[in-house]
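Data block for work.cif (mmCIF, C-alpha atoms and all ligand atoms):
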```
data_data
#
loop_
_atom_site.label_atom_id
_atom_site.label_comp_id
_atom_site.auth_asym_id
_atom_site.auth_seq_id
_atom_site.Cartn_x
_atom_site.Cartn_y
_atom_site.Cartn_z
CA MET A 1 -95.10 143.62 47.70
CA THR A 2 -93.52 145.77 45.00
CA ASN A 3 -89.83 146.46 44.65
CA ALA A 4 -90.45 150.06 45.62
CA ALA A 5 -91.85 148.90 48.94
CA HIS A 6 -88.47 147.43 49.83
CA ILE A 7 -86.70 150.73 49.43
CA THR A 8 -85.88 152.34 52.71
CA ALA A 9 -85.04 155.98 53.32
CA SER A 10 -81.41 155.04 53.93
CA LYS A 11 -81.19 153.45 50.48
CA LEU A 12 -82.44 156.68 48.96
CA GLU A 13 -79.82 158.64 50.86
CA GLN A 14 -77.15 156.27 49.55
CA THR A 15 -78.23 157.14 46.04
CA SER A 16 -77.00 160.71 46.15
CA GLU A 17 -74.11 160.04 48.51
CA ASN A 18 -72.49 157.35 46.43
CA ALA A 19 -71.63 159.58 43.48
CA SER A 20 -68.15 160.21 44.86
CA LYS A 21 -67.50 156.68 46.16
CA LYS A 22 -66.60 153.33 44.63
CA PRO A 23 -69.04 152.52 41.85
CA LEU A 24 -71.83 150.07 42.53
CA LEU A 25 -72.37 146.91 40.49
CA GLY A 26 -75.72 146.25 38.88
CA VAL A 27 -75.88 142.73 37.46
CA ASN A 28 -77.91 142.17 34.32
CA VAL A 29 -79.42 138.66 34.43
CA ASP A 30 -81.05 138.75 30.96
CA HIS A 31 -78.78 136.01 29.69
CA VAL A 32 -79.95 133.56 32.33
CA ALA A 33 -83.35 134.02 30.67
CA THR A 34 -81.71 133.67 27.23
CA LEU A 35 -80.54 130.18 28.23
CA ARG A 36 -84.01 129.27 29.47
CA GLN A 37 -85.76 130.59 26.36
CA ALA A 38 -83.35 128.65 24.12
CA ARG A 39 -85.18 125.47 25.18
CA GLY A 40 -88.54 126.91 26.15
CA VAL A 41 -88.32 125.29 29.59
CA SER A 42 -88.64 126.70 33.11
CA TYR A 43 -84.93 126.67 34.05
CA PRO A 44 -82.56 128.33 34.76
CA SER A 45 -84.49 130.86 36.80
CA PRO A 46 -83.48 134.53 36.38
CA LEU A 47 -85.00 135.19 39.81
CA ALA A 48 -82.83 132.55 41.51
CA ALA A 49 -79.82 133.97 39.66
CA ALA A 50 -80.66 137.51 40.78
CA LEU A 51 -80.98 136.42 44.42
CA LEU A 52 -77.58 134.67 44.25
CA CYS A 53 -76.01 137.79 42.74
CA GLU A 54 -77.45 139.88 45.56
CA GLN A 55 -76.05 137.46 48.15
CA ALA A 56 -72.65 137.73 46.49
CA GLY A 57 -72.64 141.51 46.73
CA ALA A 58 -74.45 142.86 43.67
CA ASP A 59 -75.87 146.29 44.49
CA GLY A 60 -78.76 146.03 42.06
CA ILE A 61 -80.32 143.78 39.45
CA THR A 62 -80.97 144.86 35.88
CA ILE A 63 -83.42 143.21 33.53
CA HIS A 64 -84.45 144.29 30.05
CA LEU A 65 -88.04 143.55 29.10
CA ARG A 66 -87.71 143.74 25.34
CA GLU A 67 -90.71 144.30 23.13
CA ASP A 68 -90.04 140.95 21.42
CA ARG A 69 -89.69 139.19 24.82
CA ARG A 70 -86.62 137.34 23.59
CA HIS A 71 -85.26 136.70 27.08
CA ILE A 72 -86.94 138.27 30.13
CA GLN A 73 -90.71 137.64 30.24
CA ASP A 74 -93.41 139.71 31.94
CA ALA A 75 -93.76 137.07 34.68
CA ASP A 76 -90.03 137.43 35.52
CA VAL A 77 -90.47 141.15 36.08
CA TYR A 78 -93.43 140.77 38.42
CA GLU A 79 -91.84 137.87 40.29
CA MET A 80 -88.55 139.69 40.82
CA ALA A 81 -90.26 142.89 41.91
CA GLY A 82 -91.61 141.07 44.94
CA GLN A 83 -88.41 139.33 45.93
CA LEU A 84 -85.33 141.40 45.19
CA THR A 85 -83.64 142.79 48.27
CA THR A 86 -81.61 145.44 46.44
CA ARG A 87 -82.97 147.59 43.60
CA MET A 88 -84.52 146.60 40.31
CA ASN A 89 -83.36 148.51 37.26
CA LEU A 90 -85.92 147.80 34.53
CA GLU A 91 -84.55 148.53 31.07
CA MET A 92 -87.23 149.19 28.48
CA ALA A 93 -88.13 151.11 25.37
CA ALA A 94 -90.15 154.32 25.87
CA THR A 95 -93.43 152.83 24.64
CA THR A 96 -96.97 153.06 26.00
CA GLU A 97 -97.03 149.31 26.72
CA MET A 98 -93.85 149.51 28.81
CA LEU A 99 -95.06 152.58 30.68
CA GLU A 100 -98.12 150.65 31.84
CA ILE A 101 -96.02 147.70 33.01
CA ALA A 102 -93.50 149.92 34.81
CA CYS A 103 -96.25 151.82 36.61
CA GLN A 104 -97.69 148.52 37.88
CA VAL A 105 -94.33 146.98 38.86
CA LYS A 106 -92.77 150.16 40.25
CA PRO A 107 -89.10 149.22 39.94
CA PHE A 108 -86.68 151.48 41.77
CA TRP A 109 -85.14 152.49 38.42
CA VAL A 110 -86.33 152.47 34.85
CA CYS A 111 -83.59 152.80 32.27
CA LEU A 112 -84.92 153.92 28.90
CA VAL A 113 -83.08 152.37 25.97
CA PRO A 114 -83.55 152.43 22.20
CA GLU A 115 -84.70 149.13 20.75
CA LYS A 116 -84.38 147.66 17.29
CA ARG A 117 -85.91 144.27 16.66
CA ALA A 118 -83.06 142.94 14.54
CA GLU A 119 -80.22 143.92 16.90
CA LEU A 120 -78.32 141.31 18.93
CA THR A 121 -78.03 143.72 21.84
CA THR A 122 -78.71 147.43 22.48
CA GLU A 123 -76.62 149.00 19.71
CA GLY A 124 -76.55 152.72 20.32
CA GLY A 125 -77.70 155.22 22.88
CA LEU A 126 -81.13 156.80 23.04
CA ASP A 127 -81.57 159.93 20.91
CA VAL A 128 -82.85 162.08 23.77
CA ALA A 129 -82.20 165.36 21.95
CA GLY A 130 -84.35 164.19 19.03
CA GLN A 131 -87.43 163.33 21.12
CA LEU A 132 -87.26 165.81 23.97
CA THR A 133 -90.99 166.55 24.22
CA TRP A 134 -92.07 162.88 24.20
CA LEU A 135 -89.39 161.88 26.70
CA THR A 136 -90.01 164.80 29.07
CA ASP A 137 -93.65 163.78 29.34
CA TYR A 138 -92.80 160.06 29.54
CA ILE A 139 -90.21 160.58 32.29
CA GLY A 140 -92.65 162.78 34.21
CA GLN A 141 -95.22 159.95 34.21
CA LEU A 142 -92.69 157.46 35.54
CA GLN A 143 -91.49 159.87 38.23
CA ALA A 144 -95.09 160.57 39.23
CA ALA A 145 -95.32 156.83 39.93
CA ASP A 146 -92.27 157.15 42.22
CA ILE A 147 -89.83 155.58 39.78
CA LYS A 148 -86.39 157.03 39.16
CA VAL A 149 -85.45 157.33 35.51
CA SER A 150 -82.13 156.77 33.81
CA LEU A 151 -81.42 157.33 30.10
CA PHE A 152 -78.98 155.12 28.19
CA ILE A 153 -77.05 157.53 25.98
CA ASP A 154 -73.87 157.77 23.97
CA PRO A 155 -71.19 159.90 25.66
CA GLU A 156 -72.09 163.07 23.74
CA ASP A 157 -72.58 166.60 25.11
CA LYS A 158 -75.79 167.09 23.10
CA GLN A 159 -77.39 164.00 24.67
CA ILE A 160 -76.20 164.88 28.18
CA ALA A 161 -77.72 168.37 27.91
CA ALA A 162 -80.97 166.88 26.62
CA ALA A 163 -81.07 164.33 29.47
CA VAL A 164 -80.73 167.15 32.01
CA ASN A 165 -83.39 169.18 30.18
CA CYS A 166 -85.95 166.42 30.26
CA GLY A 167 -85.54 165.84 33.98
CA ALA A 168 -83.82 162.45 34.10
CA ASP A 169 -82.47 161.32 37.47
CA ALA A 170 -79.50 159.54 35.90
CA ILE A 171 -77.78 158.78 32.64
CA GLU A 172 -76.08 155.53 31.71
CA LEU A 173 -73.18 156.09 29.32
CA HIS A 174 -72.85 153.51 26.55
CA THR A 175 -69.41 151.90 26.84
CA GLY A 176 -69.87 149.65 23.79
CA ALA A 177 -67.45 151.54 21.52
CA TYR A 178 -64.75 151.41 24.24
CA ALA A 179 -65.31 147.66 24.71
CA GLU A 180 -65.28 146.98 20.96
CA ALA A 181 -61.98 148.84 20.53
CA GLY A 182 -60.51 146.60 23.23
CA LEU A 183 -61.78 143.44 21.53
CA ALA A 184 -60.16 144.65 18.29
CA ASP A 185 -56.87 145.25 20.18
CA ASP A 186 -56.97 148.87 19.05
CA ILE A 187 -55.38 150.58 22.03
CA ASP A 188 -55.44 154.08 20.50
CA ARG A 189 -59.15 153.86 19.78
CA MET A 190 -59.76 152.36 23.24
CA ASN A 191 -57.97 155.30 24.88
CA ALA A 192 -59.87 157.77 22.72
CA GLU A 193 -63.18 156.15 23.73
CA LEU A 194 -62.10 156.12 27.38
CA ASN A 195 -61.37 159.85 27.18
CA ARG A 196 -64.75 160.44 25.55
CA ILE A 197 -66.41 158.68 28.50
CA LYS A 198 -64.29 160.57 31.06
CA ASN A 199 -65.21 163.90 29.45
CA ALA A 200 -68.87 162.92 29.38
CA VAL A 201 -68.85 162.05 33.09
CA ALA A 202 -67.18 165.38 33.91
CA THR A 203 -69.63 167.31 31.70
CA ALA A 204 -72.63 165.59 33.24
CA ARG A 205 -71.47 166.13 36.82
CA PHE A 206 -70.64 169.78 36.04
CA THR A 207 -73.96 170.41 34.29
CA ASP A 208 -76.06 168.94 37.08
CA ASP A 209 -74.43 167.58 40.21
CA LYS A 210 -77.64 165.76 41.17
CA LEU A 211 -77.63 163.75 37.95
CA LEU A 212 -76.19 160.30 38.65
CA VAL A 213 -73.85 158.90 36.02
CA ASN A 214 -73.83 155.17 35.33
CA ALA A 215 -72.11 153.26 32.56
CA GLY A 216 -72.40 149.91 30.89
CA HIS A 217 -72.29 147.66 27.87
CA GLY A 218 -69.56 145.26 26.88
CA LEU A 219 -67.74 145.60 30.21
CA THR A 220 -65.59 142.65 31.26
CA ARG A 221 -63.11 141.90 34.05
CA ASP A 222 -60.37 142.95 31.63
CA ASN A 223 -61.71 146.36 30.63
CA VAL A 224 -63.85 147.42 33.60
CA ASN A 225 -61.21 148.92 35.86
CA ALA A 226 -60.46 152.02 33.79
CA ILE A 227 -64.18 152.84 33.67
CA ALA A 228 -64.73 152.10 37.37
CA GLN A 229 -61.87 154.42 38.31
CA ILE A 230 -63.48 157.46 36.62
CA ASP A 231 -64.36 159.96 39.30
CA GLY A 232 -68.11 160.49 39.49
CA ILE A 233 -69.31 157.14 38.14
CA TYR A 234 -72.16 155.89 40.31
CA GLU A 235 -72.93 152.39 39.01
CA LEU A 236 -71.83 149.96 36.32
CA ASN A 237 -74.35 147.62 34.74
CA ILE A 238 -72.78 144.39 33.59
CA GLY A 239 -74.40 141.30 32.11
CA HIS A 240 -72.97 139.22 29.29
CA ALA A 241 -69.35 138.87 30.45
CA LEU A 242 -70.34 138.24 34.05
CA ILE A 243 -72.81 135.49 33.12
CA ALA A 244 -70.12 134.05 30.82
CA ASP A 245 -67.68 133.98 33.76
CA ALA A 246 -70.35 132.25 35.84
CA VAL A 247 -70.34 129.29 33.43
CA PHE A 248 -66.83 128.52 34.67
CA VAL A 249 -66.73 129.77 38.25
CA GLY A 250 -70.36 130.01 39.36
CA LEU A 251 -72.49 133.10 39.69
CA GLU A 252 -71.50 134.15 43.19
CA GLN A 253 -67.79 133.92 42.39
CA ALA A 254 -68.34 135.78 39.10
CA VAL A 255 -69.93 138.68 41.01
CA ILE A 256 -67.10 138.71 43.56
CA MET A 257 -64.49 138.66 40.78
CA MET A 258 -66.17 141.49 38.86
CA LYS A 259 -66.40 143.67 41.96
CA SER A 260 -62.77 143.02 42.72
CA ALA A 261 -61.77 143.92 39.12
CA MET A 262 -63.80 147.14 39.44
CA HIS A 263 -62.39 148.20 42.75
CA GLN A 264 -58.71 147.27 42.53
CA SER A 265 -56.55 150.36 42.18
CA ILE A 266 -54.23 150.55 39.25
N1 LIG B 301 -76.72 148.67 30.06
C1 LIG B 301 -77.67 148.66 29.11
C2 LIG B 301 -78.55 149.87 28.98
C3 LIG B 301 -77.88 147.55 28.26
O1 LIG B 301 -78.83 147.58 27.32
C4 LIG B 301 -77.07 146.41 28.47
C5 LIG B 301 -77.28 145.20 27.63
O2 LIG B 301 -78.52 144.66 27.91
C6 LIG B 301 -76.10 146.45 29.48
C7 LIG B 301 -75.93 147.60 30.25
C8 LIG B 301 -75.24 145.29 29.79
O3 LIG B 301 -74.40 145.04 28.72
P1 LIG B 301 -73.54 143.71 28.69
O4 LIG B 301 -74.51 142.58 28.66
O5 LIG B 301 -72.74 143.84 27.44
O6 LIG B 301 -72.71 143.72 29.94
#
```
Representation of the structure as structure tokens:
Amino acid sequence: MTNAAHITASKLEQTSENASKKPLLGVNVDHVATLRQARGVSYPSPLAAALLCEQAGADGITIHLREDRRHIQDADVYEMAGQLTTRMNLEMAATTEMLEIACQVKPFWVCLVPEKRAELTTEGGLDVAGQLTWLTDYIGQLQAADIKVSLFIDPEDKQIAAAVNCGADAIELHTGAYAEAGLADDIDRMNAELNRIKNAVATARFTDDKLLVNAGHGLTRDNVNAIAQIDGIYELNIGHALIADAVFVGLEQAVIMMKSAMHQSI
């Protein structure tokens, strides 16, 4: 059974309703696969990790099938598609190879990201404005296969307008610059980046109130609250810091702790 087959009508209704509620947590389990690939063995299993995250309250599971297959493998994607009980968000580059895989797997979401082979992680947002024709056609093909499409973009007006123009169902705002400012203890820059993200959420919601606005990258229990409190954020996708927490407290507790950090009021 595909992931799409698990999706009930009520889940679809939740999708548009949740825009004004507490943000959802999508857990990225790529780094469970990173640990496995480091030894070339069969453990730890990203699928088992994803199922534990779901039991602990994750609202969705994100995996990034990179072109170089450095962590998640094709078999992980197919295996998870049949067993997740929430929603799969499949991150991928907008290539012909990935389109074929997505159309077979039919995840609930595809999130299109830019990919550079030499990068440690996804460095910048997708240049949607610069490849509008290609992406409009690409997104149309995914949507024709009943897949919702999100675009990972920097919090810039030009990219938001382009995402709306090419028919995306959601955007995911890149929070990497905000997170990096925090790591550098640069509070002024962190506040400036936070404001940039707040403005981007407001612009996106104003431009198209059906466009869902997600955010992610570099979010931790220490920096997540300010992002989670932004009115209009639908879902946060968090991987590295949550899996790092899990090394000390276990995966289920790490999910519970992240949700609590997101939802506590300041
Ligand atoms: N969202 C997107 C589009 C990403 O590419 C990543 C990293 O794979 C994340 C969220 C999660 O980022 P992090 O692992 O830093 O939490």
Return as a PDB file with C-alpha atoms, in the coordinates of the input every polymer residue, whether protein, DNA or RNA, with at least one atom no more than 9 Å from an atom of ligand LIG 301 (chain B); count all atoms listed in the file.
```
ATOM      1  CA  GLY A  26     -75.720 146.250  38.880  1.00  0.00           C
ATOM      2  CA  VAL A  27     -75.880 142.730  37.460  1.00  0.00           C
ATOM      3  CA  ASN A  28     -77.910 142.170  34.320  1.00  0.00           C
ATOM      4  CA  VAL A  29     -79.420 138.660  34.430  1.00  0.00           C
ATOM      5  CA  ASP A  30     -81.050 138.750  30.960  1.00  0.00           C
ATOM      6  CA  HIS A  31     -78.780 136.010  29.690  1.00  0.00           C
ATOM      7  CA  THR A  62     -80.970 144.860  35.880  1.00  0.00           C
ATOM      8  CA  ILE A  63     -83.420 143.210  33.530  1.00  0.00           C
ATOM      9  CA  HIS A  64     -84.450 144.290  30.050  1.00  0.00           C
ATOM     10  CA  GLU A  91     -84.550 148.530  31.070  1.00  0.00           C
ATOM     11  CA  MET A  92     -87.230 149.190  28.480  1.00  0.00           C
ATOM     12  CA  CYS A 111     -83.590 152.800  32.270  1.00  0.00           C
ATOM     13  CA  LEU A 112     -84.920 153.920  28.900  1.00  0.00           C
ATOM     14  CA  VAL A 113     -83.080 152.370  25.970  1.00  0.00           C
ATOM     15  CA  PRO A 114     -83.550 152.430  22.200  1.00  0.00           C
ATOM     16  CA  GLU A 115     -84.700 149.130  20.750  1.00  0.00           C
ATOM     17  CA  THR A 121     -78.030 143.720  21.840  1.00  0.00           C
ATOM     18  CA  THR A 122     -78.710 147.430  22.480  1.00  0.00           C
ATOM     19  CA  GLU A 123     -76.620 149.000  19.710  1.00  0.00           C
ATOM     20  CA  GLY A 124     -76.550 152.720  20.320  1.00  0.00           C
ATOM     21  CA  GLY A 125     -77.700 155.220  22.880  1.00  0.00           C
ATOM     22  CA  LEU A 151     -81.420 157.330  30.100  1.00  0.00           C
ATOM     23  CA  PHE A 152     -78.980 155.120  28.190  1.00  0.00           C
ATOM     24  CA  ILE A 153     -77.050 157.530  25.980  1.00  0.00           C
ATOM     25  CA  GLU A 172     -76.080 155.530  31.710  1.00  0.00           C
ATOM     26  CA  LEU A 173     -73.180 156.090  29.320  1.00  0.00           C
ATOM     27  CA  HIS A 174     -72.850 153.510  26.550  1.00  0.00           C
ATOM     28  CA  THR A 175     -69.410 151.900  26.840  1.00  0.00           C
ATOM     29  CA  GLY A 176     -69.870 149.650  23.790  1.00  0.00           C
ATOM     30  CA  ALA A 179     -65.310 147.660  24.710  1.00  0.00           C
ATOM     31  CA  ASN A 214     -73.830 155.170  35.330  1.00  0.00           C
ATOM     32  CA  ALA A 215     -72.110 153.260  32.560  1.00  0.00           C
ATOM     33  CA  GLY A 216     -72.400 149.910  30.890  1.00  0.00           C
ATOM     34  CA  HIS A 217     -72.290 147.660  27.870  1.00  0.00           C
ATOM     35  CA  GLY A 218     -69.560 145.260  26.880  1.00  0.00           C
ATOM     36  CA  LEU A 219     -67.740 145.600  30.210  1.00  0.00           C
ATOM     37  CA  THR A 220     -65.590 142.650  31.260  1.00  0.00           C
ATOM     38  CA  LEU A 236     -71.830 149.960  36.320  1.00  0.00           C
ATOM     39  CA  ASN A 237     -74.350 147.620  34.740  1.00  0.00           C
ATOM     40  CA  ILE A 238     -72.780 144.390  33.590  1.00  0.00           C
ATOM     41  CA  GLY A 239     -74.400 141.300  32.110  1.00  0.00           C
ATOM     42  CA  HIS A 240     -72.970 139.220  29.290  1.00  0.00           C
ATOM     43  CA  ALA A 241     -69.350 138.870  30.450  1.00  0.00           C
ATOM     44  CA  LEU A 242     -70.340 138.240  34.050  1.00  0.00           C
ATOM     45  CA  ILE A 243     -72.810 135.490  33.120  1.00  0.00           C
TER      46      ILE A 243
END
```
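In this structure, atom CA of A:Asp157 sits 7.3 Å away from atom CA of A:Thr203.
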A:Ala56 surroundings by all atoms listed in the file, 7 Å radius, close-in-sequence under 3 positions cut, as a ChimeraX atom specification: /A:52-53,252,255-256
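Counting all atoms listed in the file and comparing A:Asn225, A:Ser45, A:Thr133, A:Gln55, the residue that lies closest to A:Glu79 is A:Ser45.
Candidate residues A:Ala50, A:Leu120, A:Cys103, A:Leu194 were compared for distance to A:Gln229, and the nearest is A:Leu194, using all atoms listed in the file.
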In terms of only C-alpha atoms, the residue from A:Leu126, A:Leu212, A:Ala192, A:Ala94 at minimal distance from A:Gly232 is A:Leu212
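Separating atom CA of A:Ala49 from atom CA of A:Leu65 is a distance of 16.5 Å.
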Kindly give the distance, in Å, that separates atom CA of A:Ser150 and atom CA of A:Val213, rounded to a single decimal. 8.8 Å
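Of the listed residues A:His71, A:Arg205, A:Lys106, A:Lys198, the one whose atoms come nearest to A:Met88 is A:Lys106, with distances taken using all atoms listed in the file.
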Using all atoms listed in the file, find the one residue out of A:Asn223, A:Ile160, A:Ala244, A:Asp169 that sits nearest to A:Ala204. A:Ile160
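Each of A:Leu251, A:Ala228, A:Val77, A:Leu84 was checked against A:Met98 using only C-alpha atoms; the smallest atom-to-atom distance is that of A:Val77.
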Could you list, as a PyMOL selection string, every residue within 6 Å of A:Pro23, counting only C-alpha atoms and ignoring same-chain residues fewer than 2 positions away? chain A and resi 233-235
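Summary of the local environment: counting all atoms listed in the file, residues at most 6 Å from A:Gln159, other than itself and those fewer than 2 positions away along its chain, are Val128, Ala129, Glu156, Asp157, Ala161 and Ala162 of chain A.
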Can you fill out stretch 246-256 of chain A with all heavy atoms and hand it back as an mmCIF file, in the frame of the given file?
```cif
data_model
loop_
_atom_site.group_PDB
_atom_site.id
_atom_site.type_symbol
_atom_site.label_atom_id
_atom_site.label_comp_id
_atom_site.auth_asym_id
_atom_site.auth_seq_id
_atom_site.Cartn_x
_atom_site.Cartn_y
_atom_site.Cartn_z
ATOM 1 N N ALA A 246 -69.629 133.143 34.918
ATOM 2 C CA ALA A 246 -70.350 132.250 35.840
ATOM 3 C C ALA A 246 -70.401 130.813 35.323
ATOM 4 O O ALA A 246 -70.465 129.865 36.111
ATOM 5 C CB ALA A 246 -71.760 132.781 36.076
ATOM 6 N N VAL A 247 -70.338 130.648 34.003
ATOM 7 C CA VAL A 247 -70.340 129.290 33.430
ATOM 8 C C VAL A 247 -69.140 128.507 33.976
ATOM 9 O O VAL A 247 -69.227 127.309 34.237
ATOM 10 C CB VAL A 247 -70.280 129.352 31.887
ATOM 11 C CG1 VAL A 247 -70.073 127.975 31.277
ATOM 12 C CG2 VAL A 247 -71.537 130.008 31.335
ATOM 13 N N PHE A 248 -68.042 129.198 34.211
ATOM 14 C CA PHE A 248 -66.830 128.520 34.670
ATOM 15 C C PHE A 248 -66.644 128.549 36.176
ATOM 16 O O PHE A 248 -66.133 127.599 36.757
ATOM 17 C CB PHE A 248 -65.590 129.162 33.992
ATOM 18 C CG PHE A 248 -65.609 128.976 32.499
ATOM 19 C CD1 PHE A 248 -66.039 129.991 31.666
ATOM 20 C CD2 PHE A 248 -65.234 127.760 31.934
ATOM 21 C CE1 PHE A 248 -66.088 129.811 30.299
ATOM 22 C CE2 PHE A 248 -65.280 127.576 30.563
ATOM 23 C CZ PHE A 248 -65.712 128.595 29.741
ATOM 24 N N VAL A 249 -67.051 129.640 36.817
ATOM 25 C CA VAL A 249 -66.730 129.770 38.250
ATOM 26 C C VAL A 249 -67.964 129.851 39.150
ATOM 27 O O VAL A 249 -67.823 129.901 40.365
ATOM 28 C CB VAL A 249 -65.840 131.027 38.506
ATOM 29 C CG1 VAL A 249 -64.540 130.945 37.729
ATOM 30 C CG2 VAL A 249 -66.590 132.321 38.176
ATOM 31 N N GLY A 250 -69.136 129.857 38.559
ATOM 32 C CA GLY A 250 -70.360 130.010 39.360
ATOM 33 C C GLY A 250 -70.703 131.489 39.494
ATOM 34 O O GLY A 250 -69.838 132.360 39.406
ATOM 35 N N LEU A 251 -71.984 131.727 39.718
ATOM 36 C CA LEU A 251 -72.490 133.100 39.690
ATOM 37 C C LEU A 251 -71.955 133.947 40.847
ATOM 38 O O LEU A 251 -71.555 135.101 40.651
ATOM 39 C CB LEU A 251 -74.016 133.016 39.756
ATOM 40 C CG LEU A 251 -74.852 134.135 39.190
ATOM 41 C CD1 LEU A 251 -74.311 134.695 37.895
ATOM 42 C CD2 LEU A 251 -76.270 133.636 39.003
ATOM 43 N N GLU A 252 -71.938 133.342 42.044
ATOM 44 C CA GLU A 252 -71.500 134.150 43.190
ATOM 45 C C GLU A 252 -70.041 134.576 43.014
ATOM 46 O O GLU A 252 -69.686 135.733 43.208
ATOM 47 C CB GLU A 252 -71.669 133.368 44.492
ATOM 48 C CG GLU A 252 -73.128 133.285 44.876
ATOM 49 C CD GLU A 252 -73.370 132.301 46.005
ATOM 50 O OE1 GLU A 252 -73.195 131.092 45.762
ATOM 51 O OE2 GLU A 252 -73.709 132.746 47.106
ATOM 52 N N GLN A 253 -69.201 133.612 42.593
ATOM 53 C CA GLN A 253 -67.790 133.920 42.390
ATOM 54 C C GLN A 253 -67.612 134.941 41.261
ATOM 55 O O GLN A 253 -66.755 135.826 41.336
ATOM 56 C CB GLN A 253 -67.040 132.606 42.078
ATOM 57 C CG GLN A 253 -65.534 132.722 42.104
ATOM 58 C CD GLN A 253 -64.981 133.204 43.452
ATOM 59 O OE1 GLN A 253 -65.611 133.033 44.485
ATOM 60 N NE2 GLN A 253 -63.831 133.850 43.417
ATOM 61 N N ALA A 254 -68.441 134.839 40.232
ATOM 62 C CA ALA A 254 -68.340 135.780 39.100
ATOM 63 C C ALA A 254 -68.641 137.209 39.572
ATOM 64 O O ALA A 254 -67.997 138.164 39.138
ATOM 65 C CB ALA A 254 -69.288 135.369 37.984
ATOM 66 N N VAL A 255 -69.602 137.344 40.473
ATOM 67 C CA VAL A 255 -69.930 138.680 41.010
ATOM 68 C C VAL A 255 -68.758 139.191 41.851
ATOM 69 O O VAL A 255 -68.325 140.343 41.708
ATOM 70 C CB VAL A 255 -71.225 138.635 41.863
ATOM 71 C CG1 VAL A 255 -71.442 139.943 42.608
ATOM 72 C CG2 VAL A 255 -72.427 138.318 40.982
ATOM 73 N N ILE A 256 -68.224 138.315 42.689
ATOM 74 C CA ILE A 256 -67.100 138.710 43.560
ATOM 75 C C ILE A 256 -65.901 139.132 42.700
ATOM 76 O O ILE A 256 -65.265 140.161 42.944
ATOM 77 C CB ILE A 256 -66.730 137.541 44.512
ATOM 78 C CG1 ILE A 256 -67.852 137.336 45.530
ATOM 79 C CG2 ILE A 256 -65.389 137.787 45.205
ATOM 80 C CD1 ILE A 256 -67.779 136.026 46.308
#
```
